[in-house]
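First up is the structure itself, then whatever we jot down about it.
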Amino acid sequence: MVKASVIVPVYNVERFIKETIASVLAQTFRDFELIIVDDQSPDGSIAICEQFADPRIQIVHQKNRGLAGARNTGIRHAKGEYIALLDSDDLWLPEKLAKHVQHLESNPKVGISFSRSAFIDENSKSLGTYQMPKLTGIDAPHLLCRNPIGNGSAPVIRRDALEGIKFQDNLYGEIEDFYFDDQFRQSEDIECWIRIAIQTNWQIEGIPEPLTLYRVNPDSLSANMTKQLDSWEKVMAKTRTYAPDLLAKWESLARAYQFRYLSRRAIRNKDGKAAVNLVNRALASNWKILIYEPMRSLLTIFAAYLMWMLPRGLYNGIENLALKFTGDSQRKAIAKSKK
């Protein structure tokens with residue numbers, strides 16, 4: 001037995017996978033296994049994985065099932081008490097596993113421990129900004145409206161929490177255990193976290209350090225906003241089947257936050273027209289985002305309209321100054337939270 005099982009799904013990531021695996025093997029916490037799930041990758045990713053000789057590495061091959069299906073396969077093979085997820089283009093800082101294991105060992109009611117994340121570019125260079133979510137007091141309504149965990153490389157999950165939402169199905173010719181829903185090719189993360197919050201008593205809690213390096217990759221799954229919105233709507237439809245009262249109360253606000261999030265994605269993709277359309281849809285869905293999160297909402301509106309109206313060069317200069325100010329403020333907040 002091992003304390004932690006690290007699961008890395010691999011599909012078409014030969015540019016990044018060597019660095020990703022190296023970041024796992026560099027962990028200061030050593031009692032782990034690394035399960036690499038080959039999701040029928042068409043490139044040379046697995047050949048790169050096979051170059052590592054560490055005995056803790058296990059490579060599992062399967063026909064393509066998507067990210068959720070690869071994670072489920074990894075969980076089925078896992079022997080650890082804790083399940084750590086890492087997407088194959090992201091990185092971990094060396095102390096990540098150690099701090100999450102300590103967090104979970106010290107807080108027996110916590111089922112998911114996650115960290116803040118720092119943004120990096122395609123060349124692993126820091127972008128100077130961070131994901132700064134709420135860290136405590138996370139409940140089902142908050143998860144419907146926000147995704148504090150932020151990305152699939154941030155959480156370390158207690159095995160018992162996953163067992164609490166396990167279901168069985170026959171999707172590939174035999175009955176298997178499922179944790180993430182294989183029928184989602186996007187938004188599978190938040191769908192799983194919502195089920196844990198609603199269907200179990202496990203708490204979800206973050207630690208303040210940015211221990212995950214989240215790669216901003218325009219070719220990634222999360223970059224396709226139309227598909228992301230469609231998948232989010234499917235999450236709401238599924239949740240409505242078993243928690244209709246919760247959805248009736250929170251869905252319009254949740255949709256407003258989702259549109260605002262997608263507007264920010266459009267801003268990052270330099271699509272001013274889409275950004276304006278999305279932020280307008282956010283306000284039409286539920287204008288109370290201006291009351292609950294006035295600064296973030298107003299900044300999104302301001303950025304969307306500036307991008308739409310101003311020449312690209314002028315907007316880029318304003319954006320660079322704003323990002324520098326944001327990064328400086330975030331670093332100060334992180335430093336303060338560590339004290």
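Identifiers in this document derive from the order of the structure tokens: chains are assigned A, B, ..., residues are numbered from 1 separately in each chain, and ligands are numbered from 1 in order of occurrence.
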Give me the residues of stretch 167-275 of chain A that have any atom at most 12 Å from an atom of stretch 138-150 of chain A; for each, the nearest atom pair and the distance in Å, rounded to one decimal. Use only C-alpha atoms, sort by chain and number, and format it as a tab-separated table.
residue	atom	partner	partner_atom	distance
A:Ser187	CA	A:Asn147	CA	10.2
A:Glu188	CA	A:Asn147	CA	11.7
A:Asp189	CA	A:Asn147	CA	8.9
A:Ile190	CA	A:Asn147	CA	6.5
A:Glu191	CA	A:Leu144	CA	9.1
A:Cys192	CA	A:Leu143	CA	10.4
A:Trp193	CA	A:Leu143	CA	7.4
A:Ile194	CA	A:Ala140	CA	6.1
A:Arg195	CA	A:Ala140	CA	8.5
A:Ile196	CA	A:Ala140	CA	8.7
A:Ala197	CA	A:Ala140	CA	5.3
A:Ile198	CA	A:Ala140	CA	6.0
A:Gln199	CA	A:Ala140	CA	9.7
A:Thr200	CA	A:Ala140	CA	10.7
A:Asn201	CA	A:Asp139	CA	10.3
A:Trp202	CA	A:Asp139	CA	10.1
A:Gln203	CA	A:Ile138	CA	7.5
A:Ile204	CA	A:Ile138	CA	6.1
A:Glu205	CA	A:Ile138	CA	7.0
A:Gly206	CA	A:Ile149	CA	7.7
A:Ile207	CA	A:Ile149	CA	10.5
A:Pro208	CA	A:Ile149	CA	11.7
A:Pro210	CA	A:Gly150	CA	11.6
A:Thr212	CA	A:Gly150	CA	10.3
A:Leu213	CA	A:Gly150	CA	11.5
A:Tyr214	CA	A:Gly150	CA	9.4
A:Ser222	CA	A:Gly150	CA	11.3
A:Trp232	CA	A:Leu144	CA	10.0
A:Glu233	CA	A:Leu144	CA	11.3
A:Val235	CA	A:Leu144	CA	9.4
A:Met236	CA	A:Leu144	CA	8.3
A:Ala237	CA	A:Leu144	CA	11.9
A:Thr239	CA	A:Leu144	CA	9.4
A:Arg240	CA	A:Leu144	CA	11.3
A:Ala243	CA	A:Ala140	CA	10.2
A:Asp245	CA	A:Pro141	CA	11.2
A:Leu246	CA	A:Pro141	CA	7.4
A:Leu247	CA	A:Leu144	CA	8.5
A:Ala248	CA	A:Pro141	CA	11.1
A:Lys249	CA	A:Pro141	CA	8.9
A:Trp250	CA	A:Pro141	CA	6.6
A:Glu251	CA	A:Leu144	CA	7.6
A:Ser252	CA	A:Cys145	CA	9.2
A:Leu253	CA	A:Cys145	CA	6.7
A:Ala254	CA	A:Cys145	CA	4.0
A:Arg255	CA	A:Cys145	CA	7.3
A:Ala256	CA	A:Cys145	CA	8.1
A:Tyr257	CA	A:Cys145	CA	5.9
A:Gln258	CA	A:Cys145	CA	7.2
A:Phe259	CA	A:Cys145	CA	10.5
A:Arg260	CA	A:Arg146	CA	10.6
A:Tyr261	CA	A:Arg146	CA	9.0
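Note that DSSP on the backbone gives strand (DSSP E or B) to these residues of stretch 127-306 of chain A: A:Leu127, A:Gly128, A:Thr129, A:Tyr130, A:Gln131, A:Pro155, A:Val156, A:Ile157, A:Arg158, A:Phe167, A:Gln168, A:Asp169, A:Glu176, A:Asp177, A:Phe178, A:Gln203, A:Ile204, A:Glu205, A:Gly206, A:Ile207, A:Pro208, A:Glu209, A:Pro210, A:Leu211, A:Thr212, A:Leu213, A:Tyr214, A:Arg215.
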Could those selected residues go to a file with C-alpha atoms, as a PDB file, in the first residue's frame?
ATOM      1  CA  LEU A 127       2.250  34.881 -16.123  1.00  0.00           C
ATOM      2  CA  GLY A 128       2.372  36.622 -12.757  1.00  0.00           C
ATOM      3  CA  THR A 129      -1.262  35.988 -11.801  1.00  0.00           C
ATOM      4  CA  TYR A 130      -3.034  33.383  -9.714  1.00  0.00           C
ATOM      5  CA  GLN A 131      -6.328  31.622  -9.120  1.00  0.00           C
ATOM      6  CA  PRO A 155      -7.076  18.656  -5.767  1.00  0.00           C
ATOM      7  CA  VAL A 156      -5.905  15.772  -3.626  1.00  0.00           C
ATOM      8  CA  ILE A 157      -8.957  13.690  -2.728  1.00  0.00           C
ATOM      9  CA  ARG A 158      -9.566  11.294   0.126  1.00  0.00           C
ATOM     10  CA  PHE A 167     -21.769   4.424  -9.133  1.00  0.00           C
ATOM     11  CA  GLN A 168     -21.727   1.455 -11.465  1.00  0.00           C
ATOM     12  CA  ASP A 169     -22.588   1.330 -15.155  1.00  0.00           C
ATOM     13  CA  GLU A 176     -17.377  -0.886 -13.910  1.00  0.00           C
ATOM     14  CA  ASP A 177     -17.090   1.555 -11.021  1.00  0.00           C
ATOM     15  CA  PHE A 178     -17.332   5.238 -11.931  1.00  0.00           C
ATOM     16  CA  GLN A 203     -15.856  19.040   3.422  1.00  0.00           C
ATOM     17  CA  ILE A 204     -13.961  20.763   0.614  1.00  0.00           C
ATOM     18  CA  GLU A 205     -11.156  23.024   1.783  1.00  0.00           C
ATOM     19  CA  GLY A 206      -8.200  24.812   0.220  1.00  0.00           C
ATOM     20  CA  ILE A 207      -4.725  25.757   1.379  1.00  0.00           C
ATOM     21  CA  PRO A 208      -3.377  29.203   0.507  1.00  0.00           C
ATOM     22  CA  GLU A 209      -0.126  28.345  -1.237  1.00  0.00           C
ATOM     23  CA  PRO A 210      -0.152  28.299  -5.080  1.00  0.00           C
ATOM     24  CA  LEU A 211       1.260  24.756  -5.331  1.00  0.00           C
ATOM     25  CA  THR A 212      -0.154  24.023  -8.801  1.00  0.00           C
ATOM     26  CA  LEU A 213       1.184  25.599 -11.983  1.00  0.00           C
ATOM     27  CA  TYR A 214      -1.772  25.784 -14.356  1.00  0.00           C
ATOM     28  CA  ARG A 215      -0.878  26.121 -18.004  1.00  0.00           C
TER      29      ARG A 215
END
| task | To one decimal in Å, tell me the separation between atom CA of A:Leu262 and atom CA of A:Ser124. | result | 23.7 Å
| message | With only C-alpha atoms as the counted atoms, please give the residues lying no more than 8 Å from stretch 29-39 of chain A, apart from itself and same-chain residues fewer than 5 positions off, as a VMD selection string. | response | chain A and resid 2 to 11 24 46 56 to 66 70 to 71 73 to 74 77 to 78 80 95 97 to 98
| request: Could you please determine the separation between atom CA of A:Ala26 and atom CA of A:Pro94 in Å, to one decimal place? | output: 5.6 Å
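The spacing separating atom CA of A:Asn217 from atom CA of A:Arg185 amounts to 17.4 Å.
Remark: for A:Thr20, the closest of the candidate residues A:Ser153, A:Asp54, A:His103, A:Gly164 is A:Ser153 (distances computed over only C-alpha atoms).
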| message | Show me, as a count of residues only, the residues that have an atom within 12 Å of A:Ala322 when counting only C-alpha atoms, minus same-chain residues fewer than 4 positions from it. | response | 14
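Residues in contact range of A:Asp271, defined as at most 9 Å between only C-alpha atoms, with sequence neighbours fewer than 5 positions away removed, read A:Arg265, A:Ala266, A:Val276, A:Ala304, A:Met307, A:Trp308.
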